[in-house]
Amino acid sequence: MAVTDEAIEKIKGMIVSGALRPGDRLPKESELAAELGLSRNSLREAVRALSLIRILDVRQGDGTYVTSLDPQLLLEALGFVVDFHRDDTALEFLAVRRILEPAATALACPRISDAELDALEAQLEELGPDPSVDGLVACDLRFHRGIVRASGNGVLCALLDGLSGPAGRARVWRGLTREDAVDRTLREHRAILDALRDRDAEAARSWATVHINSHEQWLRATL
């Protein structure tokens, strides 16, 4: 095992064991290196790597802290990775979204408030009759994120945020715009919204599946 990997594993072990908890400040570099039997250079590299994936927060002039370890924070890196997908894996990411998002939509059905539903409807109304691709992408993100957030499952919300970032959505929306499928897609948004208003979880799940599947079919045809 490389010395940096060993250092990462040892810091991870401290966090997993509870020796370091969310929000805790790490001991001084010299003290921690001695405690873990590491060189200061390997410890420094480990801290840098763990800060990149949001496990640690290095605050200049203050010290290094364990982050909140909130799923939304830790899974931010997933969205970064998804943006670098190849064409042959784009469908795989979309297929995972097709599995998770309808389930999240069904979970949100009994939980989402009337005020939240009104806000989602207002977002669709604000698009107007001839929206830009950027406007469609922004609306699509807010619409689905608002529903998934209402599911009450932070891990599910973080996963879907990572799987369906702006870059991937922009590509699909540009294709849909070229094929004049915007009206159909927005109708699907409204069908999801109507099912949520009716508190019909299975209808909401079904419409969410139809909606994502239409994107998946278009992408499959273009690859």
# chains A, B, ... in the order shown; residues from 1 in each chain; ligands from 1
$ residues_around --residues "A:Glu29" --least-positions-apart "5" --cutoff "10 Å" --atoms "only C-alpha atoms" --output "ChimeraX atom specification"
/A:34-35,39-41,43-44,47,63-64
$ residues_around --residues "stretch 181-189 of chain A" --least-positions-apart "3" --cutoff "12 Å" --atoms "only C-alpha atoms" --output "MDAnalysis selection string"
chainID A and resid 105 117 120:121 123:125 127:133 135:137 139:144 147 172:178 192:196 203:215 218
$ select_by_dssp --residues "stretch 56-205 of chain A" --states "alpha helix (DSSP H)" --output "MDAnalysis selection string"
chainID A and resid 71:74 76:82 87:108 114:126 133:149 154:163 166:178 182:197 201:205
$ closest_residue --among "A:Glu76, A:Asp198, A:Asp118, A:Asp62" --to "A:Ser164" --atoms "only C-alpha atoms"
A:Glu76
$ residues_around --residues "stretch 53-57 of chain A" --least-positions-apart "2" --cutoff "12 Å" --atoms "only C-alpha atoms" --output "VMD selection string"
chain A and resid 8 11 to 12 15 to 16 20 to 26 44 46 to 51 59 to 60 62 to 81
$ atom_distance --atom1 "atom CA of A:Asn153" --atom2 "atom CA of A:Arg97"
15.2 Å
$ select_by_dssp --residues "stretch 12-199 of chain A" --states "strand (DSSP E or B)" --output "list in words"
Arg25, Leu56, Asp57, Val58, Arg59, Gly63, Thr64, Tyr65 and Val66 of chain A
$ residues_around --residues "A:Ser151" --least-positions-apart "4" --cutoff "12 Å" --atoms "only C-alpha atoms" --output "PDB file with N, CA, C and O atoms, in the first residue's frame"
ATOM      1  N   LEU A 100     -34.193   5.179  -9.744  1.00  0.00           N
ATOM      2  CA  LEU A 100     -34.280   5.891  -8.462  1.00  0.00           C
ATOM      3  C   LEU A 100     -35.320   7.009  -8.436  1.00  0.00           C
ATOM      4  O   LEU A 100     -36.025   7.182  -7.439  1.00  0.00           O
ATOM      5  N   GLU A 101     -35.406   7.781  -9.526  1.00  0.00           N
ATOM      6  CA  GLU A 101     -36.253   8.977  -9.468  1.00  0.00           C
ATOM      7  C   GLU A 101     -37.743   8.672  -9.361  1.00  0.00           C
ATOM      8  O   GLU A 101     -38.452   9.338  -8.592  1.00  0.00           O
ATOM      9  N   PRO A 102     -38.281   7.679 -10.093  1.00  0.00           N
ATOM     10  CA  PRO A 102     -39.696   7.354  -9.876  1.00  0.00           C
ATOM     11  C   PRO A 102     -39.984   6.928  -8.435  1.00  0.00           C
ATOM     12  O   PRO A 102     -41.032   7.271  -7.879  1.00  0.00           O
ATOM     13  N   ALA A 103     -39.052   6.189  -7.834  1.00  0.00           N
ATOM     14  CA  ALA A 103     -39.239   5.787  -6.436  1.00  0.00           C
ATOM     15  C   ALA A 103     -39.256   7.006  -5.527  1.00  0.00           C
ATOM     16  O   ALA A 103     -40.079   7.110  -4.605  1.00  0.00           O
ATOM     17  N   ALA A 104     -38.358   7.955  -5.787  1.00  0.00           N
ATOM     18  CA  ALA A 104     -38.319   9.186  -4.989  1.00  0.00           C
ATOM     19  C   ALA A 104     -39.602   9.993  -5.180  1.00  0.00           C
ATOM     20  O   ALA A 104     -40.120  10.594  -4.226  1.00  0.00           O
ATOM     21  N   THR A 105     -40.116  10.005  -6.403  1.00  0.00           N
ATOM     22  CA  THR A 105     -41.351  10.738  -6.694  1.00  0.00           C
ATOM     23  C   THR A 105     -42.526  10.128  -5.940  1.00  0.00           C
ATOM     24  O   THR A 105     -43.366  10.852  -5.384  1.00  0.00           O
ATOM     25  N   ALA A 106     -42.581   8.803  -5.908  1.00  0.00           N
ATOM     26  CA  ALA A 106     -43.649   8.132  -5.153  1.00  0.00           C
ATOM     27  C   ALA A 106     -43.527   8.411  -3.659  1.00  0.00           C
ATOM     28  O   ALA A 106     -44.530   8.630  -2.966  1.00  0.00           O
ATOM     29  N   LEU A 107     -42.291   8.424  -3.145  1.00  0.00           N
ATOM     30  CA  LEU A 107     -42.080   8.727  -1.726  1.00  0.00           C
ATOM     31  C   LEU A 107     -42.523  10.144  -1.387  1.00  0.00           C
ATOM     32  O   LEU A 107     -43.045  10.409  -0.296  1.00  0.00           O
ATOM     33  N   ALA A 108     -42.322  11.055  -2.334  1.00  0.00           N
ATOM     34  CA  ALA A 108     -42.671  12.461  -2.093  1.00  0.00           C
ATOM     35  C   ALA A 108     -44.177  12.684  -2.074  1.00  0.00           C
ATOM     36  O   ALA A 108     -44.651  13.660  -1.481  1.00  0.00           O
ATOM     37  N   CYS A 109     -44.923  11.790  -2.719  1.00  0.00           N
ATOM     38  CA  CYS A 109     -46.354  12.023  -2.945  1.00  0.00           C
ATOM     39  C   CYS A 109     -47.126  12.368  -1.662  1.00  0.00           C
ATOM     40  O   CYS A 109     -47.857  13.361  -1.637  1.00  0.00           O
ATOM     41  N   PRO A 110     -47.007  11.603  -0.590  1.00  0.00           N
ATOM     42  CA  PRO A 110     -47.779  11.951   0.610  1.00  0.00           C
ATOM     43  C   PRO A 110     -47.136  13.057   1.441  1.00  0.00           C
ATOM     44  O   PRO A 110     -47.758  13.569   2.371  1.00  0.00           O
ATOM     45  N   ARG A 111     -45.903  13.415   1.118  1.00  0.00           N
ATOM     46  CA  ARG A 111     -45.152  14.356   1.950  1.00  0.00           C
ATOM     47  C   ARG A 111     -45.117  15.783   1.397  1.00  0.00           C
ATOM     48  O   ARG A 111     -45.016  16.734   2.152  1.00  0.00           O
ATOM     49  N   ILE A 112     -45.160  15.919   0.089  1.00  0.00           N
ATOM     50  CA  ILE A 112     -44.989  17.238  -0.514  1.00  0.00           C
ATOM     51  C   ILE A 112     -46.189  18.119  -0.174  1.00  0.00           C
ATOM     52  O   ILE A 112     -47.347  17.691  -0.234  1.00  0.00           O
ATOM     53  N   SER A 113     -45.919  19.363   0.189  1.00  0.00           N
ATOM     54  CA  SER A 113     -46.991  20.265   0.619  1.00  0.00           C
ATOM     55  C   SER A 113     -47.656  20.940  -0.571  1.00  0.00           C
ATOM     56  O   SER A 113     -47.094  20.988  -1.675  1.00  0.00           O
ATOM     57  N   HIS A 144     -37.426  18.638 -10.675  1.00  0.00           N
ATOM     58  CA  HIS A 144     -37.188  17.295 -10.138  1.00  0.00           C
ATOM     59  C   HIS A 144     -36.499  17.344  -8.777  1.00  0.00           C
ATOM     60  O   HIS A 144     -36.791  16.517  -7.910  1.00  0.00           O
ATOM     61  N   ARG A 145     -35.616  18.306  -8.587  1.00  0.00           N
ATOM     62  CA  ARG A 145     -34.948  18.424  -7.286  1.00  0.00           C
ATOM     63  C   ARG A 145     -35.959  18.747  -6.195  1.00  0.00           C
ATOM     64  O   ARG A 145     -35.873  18.219  -5.084  1.00  0.00           O
ATOM     65  N   GLY A 146     -36.929  19.603  -6.522  1.00  0.00           N
ATOM     66  CA  GLY A 146     -37.953  19.951  -5.541  1.00  0.00           C
ATOM     67  C   GLY A 146     -38.780  18.750  -5.133  1.00  0.00           C
ATOM     68  O   GLY A 146     -39.112  18.581  -3.957  1.00  0.00           O
ATOM     69  N   ILE A 147     -39.098  17.898  -6.103  1.00  0.00           N
ATOM     70  CA  ILE A 147     -39.880  16.697  -5.804  1.00  0.00           C
ATOM     71  C   ILE A 147     -39.057  15.714  -4.977  1.00  0.00           C
ATOM     72  O   ILE A 147     -39.522  15.185  -3.964  1.00  0.00           O
ATOM     73  N   VAL A 155     -30.044  10.976   1.236  1.00  0.00           N
ATOM     74  CA  VAL A 155     -29.107  10.193   0.420  1.00  0.00           C
ATOM     75  C   VAL A 155     -29.641  10.062  -0.999  1.00  0.00           C
ATOM     76  O   VAL A 155     -28.908  10.235  -1.981  1.00  0.00           O
ATOM     77  N   LEU A 156     -30.922   9.766  -1.129  1.00  0.00           N
ATOM     78  CA  LEU A 156     -31.543   9.647  -2.444  1.00  0.00           C
ATOM     79  C   LEU A 156     -31.455  10.967  -3.205  1.00  0.00           C
ATOM     80  O   LEU A 156     -31.150  10.996  -4.405  1.00  0.00           O
ATOM     81  N   CYS A 157     -31.696  12.056  -2.502  1.00  0.00           N
ATOM     82  CA  CYS A 157     -31.617  13.379  -3.122  1.00  0.00           C
ATOM     83  C   CYS A 157     -30.199  13.656  -3.616  1.00  0.00           C
ATOM     84  O   CYS A 157     -29.994  14.144  -4.730  1.00  0.00           O
ATOM     85  N   ALA A 158     -29.201  13.324  -2.788  1.00  0.00           N
ATOM     86  CA  ALA A 158     -27.814  13.571  -3.167  1.00  0.00           C
ATOM     87  C   ALA A 158     -27.399  12.709  -4.354  1.00  0.00           C
ATOM     88  O   ALA A 158     -26.704  13.179  -5.267  1.00  0.00           O
ATOM     89  N   LEU A 160     -29.324  11.485  -6.749  1.00  0.00           N
ATOM     90  CA  LEU A 160     -29.974  11.959  -7.973  1.00  0.00           C
ATOM     91  C   LEU A 160     -29.410  13.295  -8.424  1.00  0.00           C
ATOM     92  O   LEU A 160     -29.313  13.556  -9.623  1.00  0.00           O
ATOM     93  N   LEU A 196     -49.164  14.135  -8.219  1.00  0.00           N
ATOM     94  CA  LEU A 196     -48.770  14.515  -6.864  1.00  0.00           C
ATOM     95  C   LEU A 196     -49.902  15.263  -6.162  1.00  0.00           C
ATOM     96  O   LEU A 196     -50.163  15.040  -4.974  1.00  0.00           O
ATOM     97  N   ALA A 201     -49.618   8.031  -5.576  1.00  0.00           N
ATOM     98  CA  ALA A 201     -48.195   7.703  -5.631  1.00  0.00           C
ATOM     99  C   ALA A 201     -47.844   6.844  -6.839  1.00  0.00           C
ATOM    100  O   ALA A 201     -46.801   7.042  -7.473  1.00  0.00           O
TER     101      ALA A 201
END
$ atom_distance --atom1 "atom CA of A:Ala90" --atom2 "atom CA of A:Arg149"
23.9 Å
$ closest_residue --among "A:Ser17, A:Ser42, A:Val58, A:Lys28" --to "A:Ala2" --atoms "only C-alpha atoms"
A:Ser42
